[in-house]
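Peer 1: The following block contains the structure, expressed as structure tokens.
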Amino acid sequence: MKKMNLRDMYPFFRSDVWVDVDEEVADEIRRFDLKESAYRLRTYRHRAYYSLDRNDGIEQHVLFLSISPEEVYERKLSRQQLYEAMCQLPVKSARRIYAHYFLGMSKVDIARAEHVDERAVRKSIQRGLKKMEYLLKNM
């Protein structure tokens with residue numbers, strides 16, 4: 001058992017209050033104090049004096065960014081152009097590009113699913129992207 005002064009941990013105590021605590025609890029409190037002092041030292045060294053959890057709206061602004069109607073319209077147009085360009089690609093290239101970029105499949109997984117070599121999938125995607133770039137520039 002260790003004796004601890006509650007006045008050291010709680011600033012609202014005006015006088016000393018000594019309490020007996022187990023060794024494990026005292027070690028855990030000591031470990032917490034060390035972590036907290038290390039955190040304060042890191043924030044001082046890296047000049048990180050602020051947090052997004054201050055409830056002043058910074059976090060809300062970052063997480064829920066509202067976009068203007070013009071931006072919504074531009075995104076819709078660019079999405080339409082992207083799909084039009086994909087429709088003009090050969091079927092294999094369009095399918096592989098869709099699987100890789102929209103479905104998140106790796107090129108190796110696409111090759112396994114189609115029973116082809118991974119290099120063929122990679123080249124097909126590269127050629128398809130170059131053709132899409134050409135088509136999008138000329139739209």
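The way I read the labels, and the way they are meant: chains A, B, ... in the order of the structure tokens, residue 1 as the first residue of every chain, and ligand 1 as the first ligand shown, with later ones counted on from there.
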If you count only C-alpha atoms, which residues fall within 12 Å of Asn138 in chain A, apart from same-chain ones fewer than 4 positions away, as a CSV table (one decimal) with all heavy atoms, in the first residue's frame?

Peer 2:
chain,number,residue,atom,x,y,z
A,81,GLN,N,-18.9,13.3,-68.5
A,81,GLN,CA,-17.9,13.2,-69.5
A,81,GLN,C,-17.0,12.0,-69.3
A,81,GLN,O,-16.6,11.3,-70.3
A,81,GLN,CB,-17.0,14.5,-69.5
A,81,GLN,CG,-17.7,15.7,-70.0
A,81,GLN,CD,-16.9,16.9,-69.8
A,81,GLN,OE1,-15.9,17.0,-69.1
A,81,GLN,NE2,-17.3,18.0,-70.5
A,85,ALA,N,-16.6,9.0,-72.0
A,85,ALA,CA,-15.3,8.5,-72.5
A,85,ALA,C,-15.1,7.0,-72.3
A,85,ALA,O,-14.5,6.3,-73.1
A,85,ALA,CB,-14.2,9.3,-71.8
A,131,LYS,N,-6.2,6.6,-73.9
A,131,LYS,CA,-7.3,6.9,-74.8
A,131,LYS,C,-8.4,7.8,-74.1
A,131,LYS,O,-8.9,8.7,-74.8
A,131,LYS,CB,-8.0,5.6,-75.3
A,131,LYS,CG,-9.0,5.9,-76.3
A,131,LYS,CD,-9.3,4.7,-77.2
A,131,LYS,CE,-10.4,5.2,-78.2
A,131,LYS,NZ,-10.3,4.4,-79.4
A,132,MET,N,-8.7,7.5,-72.9
A,132,MET,CA,-9.6,8.4,-72.1
A,132,MET,C,-9.1,9.8,-72.0
A,132,MET,O,-9.9,10.8,-72.2
A,132,MET,CB,-9.9,7.8,-70.7
A,132,MET,CG,-10.9,6.7,-70.7
A,132,MET,SD,-11.2,6.1,-69.0
A,132,MET,CE,-12.0,7.5,-68.3
A,133,GLU,N,-7.8,9.9,-71.8
A,133,GLU,CA,-7.2,11.3,-71.7
A,133,GLU,C,-7.4,12.0,-73.0
A,133,GLU,O,-7.8,13.2,-73.0
A,133,GLU,CB,-5.7,11.2,-71.3
A,133,GLU,CG,-5.0,12.5,-71.2
A,133,GLU,CD,-3.5,12.3,-70.9
A,133,GLU,OE1,-3.0,11.2,-71.1
A,133,GLU,OE2,-2.9,13.3,-70.6
A,134,TYR,N,-7.1,11.3,-74.1
A,134,TYR,CA,-7.3,11.9,-75.4
A,134,TYR,C,-8.7,12.3,-75.7
A,134,TYR,O,-9.0,13.4,-76.2
A,134,TYR,CB,-6.8,10.9,-76.5
A,134,TYR,CG,-7.0,11.4,-77.9
A,134,TYR,CD1,-6.2,12.4,-78.5
A,134,TYR,CD2,-8.1,10.9,-78.6
A,134,TYR,CE1,-6.4,12.8,-79.8
A,134,TYR,CE2,-8.3,11.3,-79.9
A,134,TYR,CZ,-7.5,12.3,-80.5
A,134,TYR,OH,-7.7,12.7,-81.8

Peer 1: Just the alpha helix (DSSP H) stuff from range 22-122 of chain A, please, per backbone DSSP, written as an MDAnalysis selection string.

Peer 2: chainID A and resid 23:45 58:63 69:87 91:97 107:114 118:122

Peer 1: Within 12 Å of Met86 in chain A, counting only C-alpha atoms, which residues qualify if same-chain residues fewer than 4 places away don't, as a list of chain:residue names?

Peer 2: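 Contacts, with the query itself left out: A:Arg79, A:Gln80, A:Gln81, A:Leu82, A:Pro90, A:Val91, A:Lys92, A:Ser93, A:Ala94, A:Arg95, A:Arg96, A:Ile97, A:Tyr98, A:Ile125, A:Gly128, A:Leu129, A:Lys130, A:Lys131, A:Met132, A:Glu133, A:Tyr134, A:Leu135, A:Leu136.
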
Peer 1: Please produce an output containing N, CA and C atoms for each residue in the selection, written as a PDB file, in the first residue's frame.

Peer 2:
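Contents of result.pdb, freshly written:
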ATOM      1  N   ARG A  79     -18.445  13.997 -64.350  1.00  0.00           N
ATOM      2  CA  ARG A  79     -18.797  12.584 -64.224  1.00  0.00           C
ATOM      3  C   ARG A  79     -19.437  12.073 -65.516  1.00  0.00           C
ATOM      4  N   GLN A  80     -20.308  12.884 -66.107  1.00  0.00           N
ATOM      5  CA  GLN A  80     -20.933  12.502 -67.374  1.00  0.00           C
ATOM      6  C   GLN A  80     -19.883  12.352 -68.472  1.00  0.00           C
ATOM      7  N   GLN A  81     -18.950  13.281 -68.540  1.00  0.00           N
ATOM      8  CA  GLN A  81     -17.887  13.200 -69.546  1.00  0.00           C
ATOM      9  C   GLN A  81     -17.023  11.972 -69.323  1.00  0.00           C
ATOM     10  N   LEU A  82     -16.766  11.661 -68.077  1.00  0.00           N
ATOM     11  CA  LEU A  82     -15.965  10.483 -67.757  1.00  0.00           C
ATOM     12  C   LEU A  82     -16.661   9.206 -68.220  1.00  0.00           C
ATOM     13  N   PRO A  90     -12.694   0.252 -75.701  1.00  0.00           N
ATOM     14  CA  PRO A  90     -13.007  -1.162 -75.922  1.00  0.00           C
ATOM     15  C   PRO A  90     -13.571  -1.784 -74.631  1.00  0.00           C
ATOM     16  N   VAL A  91     -14.374  -2.828 -74.800  1.00  0.00           N
ATOM     17  CA  VAL A  91     -15.087  -3.416 -73.663  1.00  0.00           C
ATOM     18  C   VAL A  91     -14.124  -3.907 -72.585  1.00  0.00           C
ATOM     19  N   LYS A  92     -13.048  -4.574 -72.982  1.00  0.00           N
ATOM     20  CA  LYS A  92     -12.092  -5.108 -71.997  1.00  0.00           C
ATOM     21  C   LYS A  92     -11.448  -3.986 -71.192  1.00  0.00           C
ATOM     22  N   SER A  93     -10.983  -2.962 -71.891  1.00  0.00           N
ATOM     23  CA  SER A  93     -10.325  -1.851 -71.194  1.00  0.00           C
ATOM     24  C   SER A  93     -11.291  -1.157 -70.247  1.00  0.00           C
ATOM     25  N   ALA A  94     -12.511  -0.900 -70.709  1.00  0.00           N
ATOM     26  CA  ALA A  94     -13.493  -0.222 -69.867  1.00  0.00           C
ATOM     27  C   ALA A  94     -13.817  -1.064 -68.638  1.00  0.00           C
ATOM     28  N   ARG A  95     -13.979  -2.374 -68.834  1.00  0.00           N
ATOM     29  CA  ARG A  95     -14.292  -3.262 -67.717  1.00  0.00           C
ATOM     30  C   ARG A  95     -13.143  -3.295 -66.712  1.00  0.00           C
ATOM     31  N   ARG A  96     -11.914  -3.336 -67.210  1.00  0.00           N
ATOM     32  CA  ARG A  96     -10.755  -3.396 -66.311  1.00  0.00           C
ATOM     33  C   ARG A  96     -10.544  -2.078 -65.569  1.00  0.00           C
ATOM     34  N   ILE A  97     -10.727  -0.968 -66.257  1.00  0.00           N
ATOM     35  CA  ILE A  97     -10.599   0.342 -65.604  1.00  0.00           C
ATOM     36  C   ILE A  97     -11.675   0.493 -64.545  1.00  0.00           C
ATOM     37  N   TYR A  98     -12.890   0.104 -64.848  1.00  0.00           N
ATOM     38  CA  TYR A  98     -13.982   0.191 -63.884  1.00  0.00           C
ATOM     39  C   TYR A  98     -13.694  -0.676 -62.657  1.00  0.00           C
ATOM     40  N   ILE A 125      -5.122  -1.386 -69.087  1.00  0.00           N
ATOM     41  CA  ILE A 125      -5.538  -0.219 -68.298  1.00  0.00           C
ATOM     42  C   ILE A 125      -4.758   1.017 -68.718  1.00  0.00           C
ATOM     43  N   GLY A 128      -6.089   2.161 -72.057  1.00  0.00           N
ATOM     44  CA  GLY A 128      -7.422   2.737 -71.869  1.00  0.00           C
ATOM     45  C   GLY A 128      -7.373   4.115 -71.247  1.00  0.00           C
ATOM     46  N   LEU A 129      -6.490   4.307 -70.279  1.00  0.00           N
ATOM     47  CA  LEU A 129      -6.364   5.628 -69.654  1.00  0.00           C
ATOM     48  C   LEU A 129      -5.820   6.664 -70.626  1.00  0.00           C
ATOM     49  N   LYS A 130      -4.871   6.260 -71.465  1.00  0.00           N
ATOM     50  CA  LYS A 130      -4.347   7.199 -72.465  1.00  0.00           C
ATOM     51  C   LYS A 130      -5.432   7.589 -73.459  1.00  0.00           C
ATOM     52  N   LYS A 131      -6.241   6.604 -73.868  1.00  0.00           N
ATOM     53  CA  LYS A 131      -7.321   6.900 -74.802  1.00  0.00           C
ATOM     54  C   LYS A 131      -8.361   7.790 -74.131  1.00  0.00           C
ATOM     55  N   MET A 132      -8.665   7.521 -72.866  1.00  0.00           N
ATOM     56  CA  MET A 132      -9.618   8.374 -72.140  1.00  0.00           C
ATOM     57  C   MET A 132      -9.090   9.802 -72.025  1.00  0.00           C
ATOM     58  N   GLU A 133      -7.805   9.942 -71.759  1.00  0.00           N
ATOM     59  CA  GLU A 133      -7.213  11.270 -71.677  1.00  0.00           C
ATOM     60  C   GLU A 133      -7.374  12.016 -72.999  1.00  0.00           C
ATOM     61  N   TYR A 134      -7.112  11.322 -74.088  1.00  0.00           N
ATOM     62  CA  TYR A 134      -7.251  11.918 -75.415  1.00  0.00           C
ATOM     63  C   TYR A 134      -8.712  12.318 -75.669  1.00  0.00           C
ATOM     64  N   LEU A 135      -9.642  11.436 -75.322  1.00  0.00           N
ATOM     65  CA  LEU A 135     -11.055  11.715 -75.552  1.00  0.00           C
ATOM     66  C   LEU A 135     -11.544  12.866 -74.686  1.00  0.00           C
ATOM     67  N   LEU A 136     -11.107  12.913 -73.459  1.00  0.00           N
ATOM     68  CA  LEU A 136     -11.541  13.998 -72.554  1.00  0.00           C
ATOM     69  C   LEU A 136     -10.968  15.353 -72.962  1.00  0.00           C
TER      70      LEU A 136
END

Peer 1: Considering only C-alpha atoms, state which residue in the set A:Val17, A:Val121, A:Ser78, A:Leu34 is at the smallest distance from Ala99 in chain A.

Peer 2: A:Val121

Peer 1: What's around Lys2 in chain A at 7 Å? Count only C-alpha atoms, leave out sequence neighbours fewer than 4 positions away in its own chain, and write the answer as an MDAnalysis selection string.

Peer 2: chainID A and resid 20:23
